[in-house]
file protein-v1.txt (compact mmCIF, C-alpha atoms (C1' of nucleotides))
# COMPACT_ATOMS: atom_id res chain seq x y z
CA MET A 156 0.00 0.00 0.00
CA GLY A 157 1.05 3.59 -0.41
CA ARG A 158 1.09 6.55 1.93
CA ARG A 159 -1.26 6.27 4.88
CA SER A 160 -3.06 9.47 5.73
CA ASP A 161 -3.43 8.47 9.38
CA HIS A 162 0.29 8.83 10.19
CA SER A 163 2.73 11.53 9.14
CA ARG A 164 6.34 10.44 8.94
CA ALA A 165 7.10 12.08 12.28
CA GLU A 166 4.09 10.46 13.91
CA LEU A 167 5.10 7.08 12.53
CA GLU A 168 8.61 7.52 13.91
CA GLY A 169 7.12 8.33 17.30
CA LEU A 170 4.80 5.35 17.10
CA ILE A 171 7.66 2.97 16.36
CA LEU A 172 9.79 4.46 19.12
CA GLU A 173 7.01 4.29 21.66
CA GLU A 174 6.18 0.67 20.91
CA GLY A 175 9.87 -0.23 20.58
CA HIS A 176 10.54 1.25 23.99
CA ARG A 177 7.63 -0.68 25.43
CA LEU A 178 8.86 -3.96 23.94
CA MET A 179 12.42 -3.34 25.15
CA ALA A 180 11.14 -2.77 28.69
CA GLU A 181 9.10 -5.94 28.40
CA VAL A 182 11.51 -8.48 26.93
CA GLY A 183 14.99 -6.92 27.14
CA PHE A 184 17.78 -6.46 24.63
CA ALA A 185 18.36 -10.13 23.83
CA ARG A 186 14.71 -10.88 22.96
CA PHE A 187 13.93 -7.57 21.32
CA SER A 188 13.06 -7.74 17.63
CA ALA A 189 12.11 -5.28 14.92
CA ARG A 190 9.58 -7.75 13.57
CA GLU A 191 7.70 -7.84 16.86
CA VAL A 192 7.57 -4.04 17.01
CA ALA A 193 6.22 -3.96 13.45
CA LYS A 194 3.58 -6.55 14.27
CA ARG A 195 2.43 -4.63 17.34
CA ILE A 196 1.91 -1.35 15.50
CA GLY A 197 0.39 -3.00 12.44
CA TYR A 198 3.12 -2.19 9.94
CA ALA A 199 5.50 -4.41 7.99
CA VAL A 200 9.18 -4.89 8.94
CA GLY A 201 10.37 -3.01 5.91
CA THR A 202 8.71 0.17 7.14
CA LEU A 203 10.86 0.22 10.27
CA TYR A 204 13.94 -0.01 8.09
CA ASN A 205 12.68 2.77 5.84
CA VAL A 206 12.11 5.04 8.82
CA PHE A 207 15.22 4.26 10.88
CA GLY A 208 17.64 2.99 8.26
CA SER A 209 18.92 0.05 10.28
CA TYR A 210 18.40 -2.05 13.37
CA ASP A 211 21.31 -0.28 15.06
CA LEU A 212 19.81 3.16 14.54
CA LEU A 213 16.47 1.99 15.87
CA LEU A 214 18.14 0.66 18.99
CA ALA A 215 20.19 3.85 19.37
CA ALA A 216 16.98 5.90 19.22
CA ILE A 217 15.23 3.71 21.77
CA ASN A 218 18.17 3.90 24.14
CA THR A 219 18.40 7.65 23.75
CA ARG A 220 14.81 7.86 24.89
CA THR A 221 15.80 5.83 27.96
CA PHE A 222 18.59 8.34 28.69
CA GLU A 223 16.02 11.12 28.70
CA LEU A 224 13.70 9.25 31.03
CA TRP A 225 16.68 8.64 33.28
CA ALA A 226 17.65 12.33 33.40
CA ALA A 227 14.03 13.25 34.16
CA HIS A 228 14.04 10.69 36.95
CA LEU A 229 17.11 12.33 38.49
CA GLU A 230 15.57 15.80 38.25
CA GLU A 231 12.46 14.54 39.95
CA ARG A 232 14.48 13.09 42.78
CA LEU A 233 16.14 16.47 43.21
CA THR A 234 12.86 18.35 43.61
CA SER A 235 12.20 16.74 47.00
CA PRO A 236 13.63 19.10 49.62
CA SER A 237 16.55 16.84 50.35
CA THR A 238 19.54 18.24 52.16
CA ASP A 239 21.85 15.82 50.42
CA ARG A 240 21.46 16.34 46.71
CA ILE A 241 24.50 14.18 45.91
CA ALA A 242 23.04 11.19 47.75
CA ALA A 243 19.77 11.81 45.92
CA LEU A 244 21.62 11.63 42.60
CA VAL A 245 23.31 8.36 43.43
CA GLN A 246 20.07 6.88 44.70
CA GLY A 247 18.30 8.10 41.58
CA TYR A 248 20.93 6.46 39.38
CA PHE A 249 20.46 3.16 41.17
CA SER A 250 16.68 3.25 41.43
CA PHE A 251 16.18 4.03 37.76
CA ALA A 252 18.42 1.14 36.78
CA ALA A 253 16.70 -1.22 39.21
CA ASP A 254 13.16 -0.17 38.25
CA ASN A 255 13.89 -0.24 34.53
CA PHE A 256 16.33 -3.10 34.35
CA ASN A 257 15.71 -4.11 30.74
CA LEU A 258 15.81 -0.54 29.45
CA TRP A 259 18.90 0.28 31.45
CA THR A 260 20.91 -2.76 30.42
CA ALA A 261 19.94 -2.25 26.77
CA ILE A 262 21.88 1.02 26.85
CA TYR A 263 25.10 -0.83 27.57
CA ASP A 264 24.30 -4.04 25.70
CA HIS A 265 24.01 -2.22 22.43
CA ARG A 266 27.16 -1.13 20.59
CA LEU A 267 27.14 0.59 17.25
CA PRO A 268 29.32 -1.00 14.53
CA ALA A 269 32.89 0.24 14.80
CA ASP A 270 32.55 2.23 11.59
CA MET A 271 29.34 3.99 12.61
CA ALA A 272 29.40 7.07 14.83
CA MET A 273 26.52 7.99 17.14
CA PRO A 274 24.39 10.57 15.29
CA ASP A 275 24.93 14.05 16.74
CA THR A 276 21.28 14.60 17.62
CA LEU A 277 21.21 11.46 19.72
CA ALA A 278 24.58 12.14 21.34
CA ILE A 279 23.46 15.60 22.44
CA ARG A 280 20.21 14.31 23.90
CA ARG A 281 22.11 11.63 25.81
CA GLY A 282 24.41 14.28 27.23
CA GLY A 283 21.53 15.71 29.22
CA LEU A 284 22.08 13.10 31.90
CA THR A 285 25.67 14.16 32.40
CA ASP A 286 24.64 17.82 32.44
CA VAL A 287 22.49 17.27 35.50
CA VAL A 288 25.39 15.79 37.42
CA VAL A 289 27.87 18.44 36.26
CA ARG A 290 25.49 21.15 37.47
CA GLU A 291 25.12 19.55 40.90
CA VAL A 292 28.82 18.92 41.32
CA ALA A 293 29.59 22.50 40.34
CA ALA A 294 27.16 23.70 43.00
CA ILE A 295 29.18 21.83 45.62
CA LEU A 296 32.64 22.92 44.57
CA PRO A 297 34.23 26.19 45.76
CA HIS A 298 33.84 28.94 43.21
CA GLU A 299 37.52 28.98 42.26
CA THR A 300 37.37 25.30 41.30
CA HIS A 301 34.16 25.36 39.26
CA HIS A 302 36.14 24.58 36.13
CA GLN A 303 36.94 21.13 37.51
CA ALA A 304 33.27 20.20 37.74
CA PRO A 305 32.80 18.56 34.31
CA ARG A 306 35.78 16.27 34.66
CA LEU A 307 35.02 15.34 38.24
CA ALA A 308 31.35 14.79 37.45
CA ARG A 309 32.18 12.37 34.62
CA SER A 310 34.48 10.47 36.94
CA LEU A 311 31.86 10.25 39.67
CA ILE A 312 29.29 9.01 37.18
CA ALA A 313 31.74 6.30 36.16
CA THR A 314 32.24 5.38 39.81
CA VAL A 315 28.51 5.13 40.44
CA HIS A 316 27.99 3.29 37.17
CA GLY A 317 30.48 0.62 38.16
CA HIS A 318 28.79 0.08 41.51
CA CYS A 319 25.35 0.03 39.89
CA THR A 320 26.49 -2.51 37.30
CA PHE A 321 27.87 -4.89 39.90
CA ALA A 322 24.80 -4.40 42.10
CA LEU A 323 22.42 -5.38 39.30
CA ASN A 324 24.42 -8.11 37.57
CA GLY A 325 24.85 -10.05 40.77
CA SER A 326 28.60 -9.57 41.18
CA PHE A 327 28.22 -7.84 44.52
CA LEU A 328 25.77 -10.38 45.86
CA LEU A 329 28.10 -13.19 44.80
CA LEU A 330 30.90 -11.57 46.78
CA GLY A 331 28.72 -11.08 49.83
CA GLU A 332 28.18 -7.35 49.42
CA THR A 333 24.69 -6.38 50.47
CA GLU A 334 24.83 -2.57 50.50
CA PRO A 335 26.24 -1.45 47.14
CA LEU A 336 24.37 1.84 47.26
CA GLU A 337 26.06 2.84 50.51
CA LEU A 338 29.37 1.82 49.02
CA ALA A 339 28.85 4.05 46.00
CA ILE A 340 27.79 7.02 48.10
CA ALA A 341 30.85 6.59 50.31
CA ARG A 342 33.18 6.62 47.29
CA VAL A 343 31.52 9.73 45.87
CA ARG A 344 31.73 11.55 49.19
CA GLU A 345 35.44 10.78 49.46
CA SER A 346 36.13 12.17 46.00
CA LEU A 347 34.08 15.30 46.62
CA SER A 348 35.79 15.89 49.96
CA ALA A 349 39.17 15.54 48.30
CA ALA A 350 38.15 18.01 45.59
CA ILE A 351 36.92 20.57 48.11
CA ALA A 352 39.94 20.33 50.38
CA MET B 255 28.62 -41.70 14.31
CA GLY B 256 29.37 -42.99 17.78
CA ARG B 257 32.17 -42.35 20.23
CA ARG B 258 35.34 -40.99 18.69
CA SER B 259 38.46 -42.53 20.08
CA ASP B 260 40.51 -39.41 19.35
CA HIS B 261 38.82 -37.25 22.02
CA SER B 262 37.85 -38.05 25.59
CA ARG B 263 34.96 -36.11 27.00
CA ALA B 264 37.28 -33.80 28.92
CA GLU B 265 39.44 -33.24 25.86
CA LEU B 266 36.39 -32.44 23.79
CA GLU B 267 35.21 -29.95 26.38
CA GLY B 268 38.61 -28.29 26.26
CA LEU B 269 38.58 -28.27 22.48
CA ILE B 270 35.20 -26.57 22.35
CA LEU B 271 36.24 -24.06 24.99
CA GLU B 272 39.49 -23.25 23.23
CA GLU B 273 37.87 -22.72 19.85
CA GLY B 274 34.92 -20.91 21.39
CA HIS B 275 37.27 -18.54 23.15
CA ARG B 276 39.12 -17.95 19.90
CA LEU B 277 35.90 -17.21 18.02
CA MET B 278 34.67 -14.88 20.76
CA ALA B 279 37.92 -12.90 20.59
CA GLU B 280 37.58 -12.77 16.82
CA VAL B 281 33.95 -11.77 16.26
CA GLY B 282 32.59 -10.65 19.63
CA PHE B 283 29.48 -11.54 21.57
CA ALA B 284 26.91 -10.39 19.01
CA ARG B 285 28.37 -12.44 16.14
CA PHE B 286 29.39 -15.45 18.18
CA SER B 287 27.60 -18.68 17.32
CA ALA B 288 27.67 -22.26 18.54
CA ARG B 289 27.28 -23.47 14.96
CA GLU B 290 30.46 -21.72 13.89
CA VAL B 291 32.40 -23.21 16.81
CA ALA B 292 31.13 -26.65 15.86
CA LYS B 293 32.10 -26.16 12.23
CA ARG B 294 35.61 -25.05 13.18
CA ILE B 295 36.34 -28.09 15.35
CA GLY B 296 34.68 -30.49 12.94
CA TYR B 297 31.78 -31.54 15.16
CA ALA B 298 28.02 -31.04 14.79
CA VAL B 299 26.04 -28.45 16.75
CA GLY B 300 24.31 -31.07 18.81
CA THR B 301 27.59 -32.19 20.33
CA LEU B 302 28.17 -28.76 21.88
CA TYR B 303 24.74 -28.99 23.49
CA ASN B 304 25.45 -32.48 24.76
CA VAL B 305 28.69 -31.33 26.36
CA PHE B 306 27.61 -27.95 27.77
CA GLY B 307 23.85 -28.35 28.10
CA SER B 308 22.93 -24.98 26.69
CA TYR B 309 24.19 -21.92 24.88
CA ASP B 310 24.20 -19.98 28.14
CA LEU B 311 26.42 -22.48 29.90
CA LEU B 312 28.83 -22.51 26.98
CA LEU B 313 29.07 -18.72 27.13
CA ALA B 314 29.46 -18.80 30.90
CA ALA B 315 32.35 -21.25 30.54
CA ILE B 316 34.04 -19.15 27.86
CA ASN B 317 33.71 -15.99 29.95
CA THR B 318 35.06 -17.75 33.02
CA ARG B 319 38.14 -18.59 31.01
CA THR B 320 38.46 -14.89 30.20
CA PHE B 321 38.29 -14.06 33.91
CA GLU B 322 41.21 -16.40 34.53
CA LEU B 323 43.28 -14.85 31.75
CA TRP B 324 42.48 -11.45 33.21
CA ALA B 325 43.62 -12.44 36.71
CA ALA B 326 46.82 -13.88 35.24
CA HIS B 327 47.36 -10.62 33.38
CA LEU B 328 47.11 -8.69 36.64
CA GLU B 329 49.55 -11.00 38.39
CA GLU B 330 52.01 -10.59 35.58
CA ARG B 331 51.78 -6.83 35.83
CA LEU B 332 52.54 -7.11 39.52
CA THR B 333 55.75 -9.09 39.01
CA SER B 334 57.51 -6.09 37.51
CA PRO B 335 59.31 -4.32 40.37
CA SER B 336 56.84 -1.47 40.41
CA THR B 337 56.69 0.75 43.46
CA ASP B 338 53.05 1.44 42.89
CA ARG B 339 51.25 -1.87 42.87
CA ILE B 340 47.81 -0.21 43.01
CA ALA B 341 48.51 1.80 39.85
CA ALA B 342 49.75 -1.40 38.24
CA LEU B 343 46.44 -3.08 39.06
CA VAL B 344 44.35 -0.31 37.57
CA GLN B 345 46.54 -0.19 34.48
CA GLY B 346 46.30 -3.96 34.19
CA TYR B 347 42.52 -3.81 34.42
CA PHE B 348 42.39 -1.26 31.63
CA SER B 349 45.00 -2.83 29.38
CA PHE B 350 43.43 -6.27 29.50
CA ALA B 351 40.07 -4.82 28.55
CA ALA B 352 41.58 -2.73 25.75
CA ASP B 353 43.73 -5.54 24.35
CA ASN B 354 40.94 -8.12 24.56
CA PHE B 355 37.96 -5.94 23.82
CA ASN B 356 35.65 -8.65 22.47
CA LEU B 357 36.45 -11.08 25.25
CA TRP B 358 36.08 -8.42 27.91
CA THR B 359 32.76 -7.06 26.70
CA ALA B 360 31.38 -10.58 26.33
CA ILE B 361 31.69 -10.98 30.10
CA TYR B 362 29.21 -8.17 30.66
CA ASP B 363 27.09 -8.68 27.55
CA HIS B 364 26.10 -12.14 28.65
CA ARG B 365 23.47 -12.58 31.33
CA LEU B 366 22.22 -15.92 32.52
CA PRO B 367 18.43 -16.41 32.47
CA ALA B 368 16.88 -15.05 35.66
CA ASP B 369 16.05 -18.56 36.86
CA MET B 370 19.53 -19.96 36.31
CA ALA B 371 22.29 -19.44 38.87
CA MET B 372 25.97 -19.34 37.94
CA PRO B 373 27.38 -22.84 38.56
CA ASP B 374 29.53 -22.88 41.69
CA THR B 375 32.65 -24.09 39.93
CA LEU B 376 32.53 -21.19 37.54
CA ALA B 377 31.70 -18.63 40.22
CA ILE B 378 34.68 -19.69 42.29
CA ARG B 379 37.06 -19.52 39.35
CA ARG B 380 35.80 -16.04 38.52
CA GLY B 381 36.42 -14.96 42.10
CA GLY B 382 40.15 -15.31 41.54
CA LEU B 383 40.24 -11.86 39.97
CA THR B 384 38.73 -10.28 43.04
CA ASP B 385 41.10 -12.23 45.27
CA VAL B 386 44.11 -10.58 43.68
CA VAL B 387 42.74 -7.12 44.40
CA VAL B 388 41.67 -7.98 47.94
CA ARG B 389 45.20 -9.23 48.66
CA GLU B 390 46.80 -6.06 47.36
CA VAL B 391 44.41 -3.77 49.16
CA ALA B 392 44.96 -5.66 52.41
CA ALA B 393 48.70 -5.18 52.00
CA ILE B 394 48.19 -1.42 51.90
CA LEU B 395 45.82 -1.10 54.85
CA PRO B 396 47.06 -0.78 58.45
CA HIS B 397 47.01 -4.10 60.26
CA GLU B 398 44.09 -3.18 62.49
CA THR B 399 41.90 -2.47 59.46
CA HIS B 400 42.71 -5.58 57.43
CA HIS B 401 39.16 -6.80 57.86
CA GLN B 402 37.90 -3.92 55.71
CA ALA B 403 39.95 -5.06 52.73
CA PRO B 404 37.39 -7.30 50.98
CA ARG B 405 34.64 -4.70 51.03
CA LEU B 406 36.90 -1.86 50.01
CA ALA B 407 38.50 -3.94 47.27
CA ARG B 408 35.10 -4.78 45.74
CA SER B 409 34.20 -1.12 45.76
CA LEU B 410 37.47 -0.10 44.12
CA ILE B 411 36.99 -2.73 41.45
CA ALA B 412 33.56 -1.28 40.77
CA THR B 413 35.06 2.19 40.54
CA VAL B 414 37.71 1.07 38.09
CA HIS B 415 35.18 -0.98 36.16
CA GLY B 416 32.98 2.05 35.63
CA HIS B 417 35.87 4.12 34.33
CA CYS B 418 37.05 1.28 32.10
CA THR B 419 33.56 0.81 30.68
CA PHE B 420 33.18 4.47 29.78
CA ALA B 421 36.71 4.57 28.39
CA LEU B 422 36.07 1.70 26.02
CA ASN B 423 32.47 2.37 25.00
CA GLY B 424 33.26 5.90 23.91
CA SER B 425 31.33 7.74 26.62
CA PHE B 426 34.43 9.50 27.92
CA LEU B 427 35.66 10.46 24.48
CA LEU B 428 32.24 11.84 23.64
CA LEU B 429 32.41 14.02 26.75
CA GLY B 430 35.90 15.25 25.95
CA GLU B 431 37.71 13.12 28.53
CA THR B 432 41.02 11.93 27.17
CA GLU B 433 42.70 10.44 30.26
CA PRO B 434 40.24 8.01 31.85
CA LEU B 435 43.03 5.86 33.30
CA GLU B 436 44.43 8.79 35.28
CA LEU B 437 40.92 9.59 36.45
CA ALA B 438 40.42 6.04 37.72
CA ILE B 439 43.76 5.99 39.52
CA ALA B 440 42.96 9.32 41.18
CA ARG B 441 39.63 7.99 42.50
CA VAL B 442 41.25 4.83 43.83
CA ARG B 443 43.99 6.80 45.56
CA GLU B 444 41.44 9.04 47.26
CA SER B 445 39.51 6.07 48.61
CA LEU B 446 42.64 4.31 49.83
CA SER B 447 43.88 7.49 51.52
CA ALA B 448 40.53 7.88 53.24
CA ALA B 449 40.64 4.27 54.42
CA ILE B 450 44.17 4.61 55.81
CA ALA B 451 43.53 7.90 57.60
C1' DA C 260 29.56 -62.62 16.24
C1' DC C 261 26.70 -60.28 18.81
C1' DC C 262 24.78 -56.75 21.72
C1' DG C 263 23.79 -52.83 24.71
C1' DG C 264 24.99 -48.39 25.71
C1' DA C 265 27.00 -44.14 24.77
C1' DA C 266 28.49 -40.59 21.66
C1' DT C 267 27.35 -38.08 17.59
C1' DT C 268 24.71 -36.46 14.03
C1' DG C 269 22.03 -33.14 11.23
C1' DA C 270 17.43 -32.30 9.49
C1' DA C 271 13.58 -29.82 11.35
C1' DC C 272 11.43 -25.89 13.76
C1' DA C 273 10.62 -21.35 14.86
C1' DC C 274 12.79 -17.50 14.92
C1' DT C 275 16.13 -13.33 13.57
C1' DG C 276 18.06 -8.91 10.61
C1' DA C 277 18.15 -7.38 6.08
C1' DT C 278 16.79 -6.48 1.16
C1' DC C 279 14.17 -4.72 -2.65
C1' DA C 280 11.04 -5.55 -6.72
C1' DA C 281 6.38 -5.00 -6.74
C1' DT C 282 2.36 -2.79 -5.21
C1' DT C 283 -0.57 0.83 -3.66
C1' DA C 284 -2.25 5.23 -2.57
C1' DA C 285 -1.81 10.11 -2.44
C1' DA C 286 -0.38 14.42 -4.94
C1' DA C 287 0.42 16.87 -9.04
C1' DT C 288 -0.63 17.71 -13.52
C1' DA C 289 -3.32 18.04 -17.77
C1' DT D 296 -12.22 14.60 -14.08
C1' DA D 297 -8.59 11.55 -16.01
C1' DT D 298 -3.84 10.75 -16.04
C1' DT D 299 0.69 10.81 -14.64
C1' DT D 300 4.14 11.16 -11.13
C1' DT D 301 5.93 10.47 -6.76
C1' DA D 302 6.40 8.50 -2.38
C1' DA D 303 5.18 5.12 1.16
C1' DT D 304 4.45 0.37 2.23
C1' DT D 305 4.64 -4.35 1.65
C1' DG D 306 6.13 -9.15 2.39
C1' DA D 307 8.36 -12.98 0.17
C1' DT D 308 13.12 -14.13 0.12
C1' DC D 309 17.80 -14.99 1.86
C1' DA D 310 21.17 -16.37 5.01
C1' DG D 311 21.68 -16.96 9.40
C1' DT D 312 20.51 -18.18 14.63
C1' DG D 313 19.46 -21.43 19.17
C1' DT D 314 17.38 -25.71 20.21
C1' DT D 315 15.68 -30.40 19.89
C1' DC D 316 15.84 -35.37 19.38
C1' DA D 317 14.94 -39.61 16.48
C1' DA D 318 18.14 -41.90 14.02
C1' DT D 319 22.63 -43.38 13.31
C1' DT D 320 27.21 -44.98 14.28
C1' DC D 321 30.74 -46.80 16.82
C1' DC D 322 33.06 -49.12 20.92
C1' DG D 323 33.68 -52.27 24.87
C1' DG D 324 32.19 -56.37 26.69
C1' DT D 325 30.25 -60.64 26.40
call {"tool": "encode", "arguments": {"input": "protein-v1.txt", "output": "structure tokens"}}
result
Amino acid sequence: MGRRSDHSRAELEGLILEEGHRLMAEVGFARFSAREVAKRIGYAVGTLYNVFGSYDLLLAAINTRTFELWAAHLEERLTSPSTDRIAALVQGYFSFAADNFNLWTAIYDHRLPADMAMPDTLAIRRGGLTDVVVREVAAILPHETHHQAPRLARSLIATVHGHCTFALNGSFLLLGETEPLELAIARVRESLSAAIA
Amino acid sequence: MGRRSDHSRAELEGLILEEGHRLMAEVGFARFSAREVAKRIGYAVGTLYNVFGSYDLLLAAINTRTFELWAAHLEERLTSPSTDRIAALVQGYFSFAADNFNLWTAIYDHRLPADMAMPDTLAIRRGGLTDVVVREVAAILPHETHHQAPRLARSLIATVHGHCTFALNGSFLLLGETEPLELAIARVRESLSAAIA
DNA sequence: ACCGGAATTGAACACTGATCAATTAAAATA
DNA sequence: TATTTTAATTGATCAGTGTTCAATTCCGGT
């Protein structure tokens, strides 16, 4: 069939993304399939390829959406009048990953082919998550050391990410660690203290 | 055909593991396949399933082998008369991951089904990597705080893991970070200093 | 020479990502 | 309105995957 009047190209892209995101949350990266998304929205497989160009770009778009949900989750955690905004960030990182396990792991399960760069639009949207943390770290640092905030923030995200990964993939449990969140917060506090001193 | 006199069951298991490991290093987790392993060793697919029981257990065995190579790599790095054994560990963590990218990522790409636990034998062998770090951290800590070593070591591994992940998946480069190794070492030093003080 | 048991096979099944000639419908033109 | 042009959509087709298991093949022991 030809053009369908009931969906503009942009609407169709949104429809695919919405359903793709839903399926990813439901079955996870390993069982995700373009065919199943197509079936659920009533289009043929080929249409998904026409709209997104490839399986990799579809996955990249879905995961970018997850990044945005994640950043929104952090911002929401920060609206509560919490004294400790840093602890709130770390907790938010963990709780999003735990509550959206399939979506969260898909971000790191998926790798673009070596010869394909992440499209700029997607990369920028993903950066929003980092921006939140940079802003909060900058607010903690003394004014004369504000310029260190981006680098330190990236490093703290990596620290928290490592702890979150091991917490959710069972590594910590296997080693007898039962409080990975506290561990992560302790490490972040140490690094912030060192930066302030 | 029936039993082949040229391979005992244990030898066959080793043969599969060896070739599987080779293929994983060559093509990575996403393009790995049991069929291809079978073809390369001159057996049929079914034989791999008879020996390992399932695709997941085959992958778990291959990744466990990678853990052992990784631990050996760390030990080797420690034999050089380096003053800074902690820096050597972090560098070893990074260099193994960088030099064996496909093998390293396969460890974290693969997840056992939720209802299947990691076989004890494999879990114990994987623990060897952690043991190396625990030993080195204990050697740094004051005698009265030796008991903190396991917990701190796990946390430092998580910290380094996060930095290594972002270094190799392009996150750091995308954010303008060019020295992730130095960043990781700095974080580890801060945490060790805090533990000693 | 025979047999019972164990190892090995590979066709069969239900799925996957990817492609692209053919089809269809909407838009533009006459 | 009738016709052409253009763009969206299809789905059969291809080469591949994990998984199963009846059938086959071989070996050690009688």
call {"tool": "residues_around", "arguments": {"input": "protein-v1.txt", "residues": "stretch 309-323 of chain D", "least_positions_apart": "5", "cutoff": "12 Å", "atoms": "only C-alpha atoms (C1' of nucleotides)", "output": "number ranges by chain"}}
result
B: 255-259, 284-290, 299-300, 302-304, 307-310; C: 262-279
call {"tool": "write_last_selection", "arguments": {"input": "protein-v1.txt", "atoms": "C-alpha atoms (C1' of nucleotides)", "output": "PDB file, in the coordinates of the input"}}
result
ATOM      1  CA  MET B 255      28.620 -41.700  14.310  1.00  0.00           C
ATOM      2  CA  GLY B 256      29.370 -42.990  17.780  1.00  0.00           C
ATOM      3  CA  ARG B 257      32.170 -42.350  20.230  1.00  0.00           C
ATOM      4  CA  ARG B 258      35.340 -40.990  18.690  1.00  0.00           C
ATOM      5  CA  SER B 259      38.460 -42.530  20.080  1.00  0.00           C
ATOM      6  CA  ALA B 284      26.910 -10.390  19.010  1.00  0.00           C
ATOM      7  CA  ARG B 285      28.370 -12.440  16.140  1.00  0.00           C
ATOM      8  CA  PHE B 286      29.390 -15.450  18.180  1.00  0.00           C
ATOM      9  CA  SER B 287      27.600 -18.680  17.320  1.00  0.00           C
ATOM     10  CA  ALA B 288      27.670 -22.260  18.540  1.00  0.00           C
ATOM     11  CA  ARG B 289      27.280 -23.470  14.960  1.00  0.00           C
ATOM     12  CA  GLU B 290      30.460 -21.720  13.890  1.00  0.00           C
ATOM     13  CA  VAL B 299      26.040 -28.450  16.750  1.00  0.00           C
ATOM     14  CA  GLY B 300      24.310 -31.070  18.810  1.00  0.00           C
ATOM     15  CA  LEU B 302      28.170 -28.760  21.880  1.00  0.00           C
ATOM     16  CA  TYR B 303      24.740 -28.990  23.490  1.00  0.00           C
ATOM     17  CA  ASN B 304      25.450 -32.480  24.760  1.00  0.00           C
ATOM     18  CA  GLY B 307      23.850 -28.350  28.100  1.00  0.00           C
ATOM     19  CA  SER B 308      22.930 -24.980  26.690  1.00  0.00           C
ATOM     20  CA  TYR B 309      24.190 -21.920  24.880  1.00  0.00           C
ATOM     21  CA  ASP B 310      24.200 -19.980  28.140  1.00  0.00           C
TER      22      ASP B 310
ATOM     23  C1'  DC C 262      24.780 -56.750  21.720  1.00  0.00           C
ATOM     24  C1'  DG C 263      23.790 -52.830  24.710  1.00  0.00           C
ATOM     25  C1'  DG C 264      24.990 -48.390  25.710  1.00  0.00           C
ATOM     26  C1'  DA C 265      27.000 -44.140  24.770  1.00  0.00           C
ATOM     27  C1'  DA C 266      28.490 -40.590  21.660  1.00  0.00           C
ATOM     28  C1'  DT C 267      27.350 -38.080  17.590  1.00  0.00           C
ATOM     29  C1'  DT C 268      24.710 -36.460  14.030  1.00  0.00           C
ATOM     30  C1'  DG C 269      22.030 -33.140  11.230  1.00  0.00           C
ATOM     31  C1'  DA C 270      17.430 -32.300   9.490  1.00  0.00           C
ATOM     32  C1'  DA C 271      13.580 -29.820  11.350  1.00  0.00           C
ATOM     33  C1'  DC C 272      11.430 -25.890  13.760  1.00  0.00           C
ATOM     34  C1'  DA C 273      10.620 -21.350  14.860  1.00  0.00           C
ATOM     35  C1'  DC C 274      12.790 -17.500  14.920  1.00  0.00           C
ATOM     36  C1'  DT C 275      16.130 -13.330  13.570  1.00  0.00           C
ATOM     37  C1'  DG C 276      18.060  -8.910  10.610  1.00  0.00           C
ATOM     38  C1'  DA C 277      18.150  -7.380   6.080  1.00  0.00           C
ATOM     39  C1'  DT C 278      16.790  -6.480   1.160  1.00  0.00           C
ATOM     40  C1'  DC C 279      14.170  -4.720  -2.650  1.00  0.00           C
TER      41       DC C 279
END
call {"tool": "atom_distance", "arguments": {"input": "protein-v1.txt", "atom1": "atom CA of A:Leu330", "atom2": "atom CA of A:Ala313"}}
result
20.8 Å
call {"tool": "closest_residue", "arguments": {"input": "protein-v1.txt", "among": "B:Asp363, B:Ala407, B:Arg443, B:Ala451", "to": "A:Glu332", "atoms": "all atoms listed in the file"}}
result
B:Ala407
call {"tool": "closest_atom_pairs", "arguments": {"input": "protein-v1.txt", "of": "chain B", "to": "chain A", "cutoff": "7 Å", "atoms": "only C-alpha atoms", "output": "tab-separated table"}}
result
residue	atom	partner	partner_atom	distance
B:Asp363	CA	A:Asp264	CA	5.7
B:Ser409	CA	A:Leu338	CA	6.5
B:Ala412	CA	A:Gly317	CA	4.5
B:Thr413	CA	A:Thr314	CA	4.3
B:His415	CA	A:Gly317	CA	5.4
B:Gly416	CA	A:Gly317	CA	3.8
B:His417	CA	A:Ala313	CA	5.0
B:Phe420	CA	A:Ala313	CA	6.8
B:Leu437	CA	A:Ser310	CA	6.5
B:Arg441	CA	A:Ser346	CA	6.5
B:Glu444	CA	A:Ser346	CA	6.3
B:Ser445	CA	A:Glu345	CA	6.3
B:Ala448	CA	A:Glu345	CA	7.0
call {"tool": "write_last_selection", "arguments": {"input": "protein-v1.txt", "atoms": "C-alpha atoms", "output": "short mmCIF file (atom, residue, chain, number, x, y, z; two decimals), keeping the file's coordinate frame"}}
result
data_model
loop_
_atom_site.label_atom_id
_atom_site.label_comp_id
_atom_site.auth_asym_id
_atom_site.auth_seq_id
_atom_site.Cartn_x
_atom_site.Cartn_y
_atom_site.Cartn_z
CA ASP B 363 27.09 -8.68 27.55
CA SER B 409 34.20 -1.12 45.76
CA ALA B 412 33.56 -1.28 40.77
CA THR B 413 35.06 2.19 40.54
CA HIS B 415 35.18 -0.98 36.16
CA GLY B 416 32.98 2.05 35.63
CA HIS B 417 35.87 4.12 34.33
CA PHE B 420 33.18 4.47 29.78
CA LEU B 437 40.92 9.59 36.45
CA ARG B 441 39.63 7.99 42.50
CA GLU B 444 41.44 9.04 47.26
CA SER B 445 39.51 6.07 48.61
CA ALA B 448 40.53 7.88 53.24
#
call {"tool": "residues_near_point", "arguments": {"input": "protein-v1.txt", "point": "(33.2, -21.1, 30.6)", "cutoff": "12 Å", "atoms": "only C-alpha atoms (C1' of nucleotides)", "output": "NGL selection string"}}
result
:B and (267-268 or 270-275 or 278 or 305-306 or 308-323 or 357 or 360-361 or 364 or 372-380)
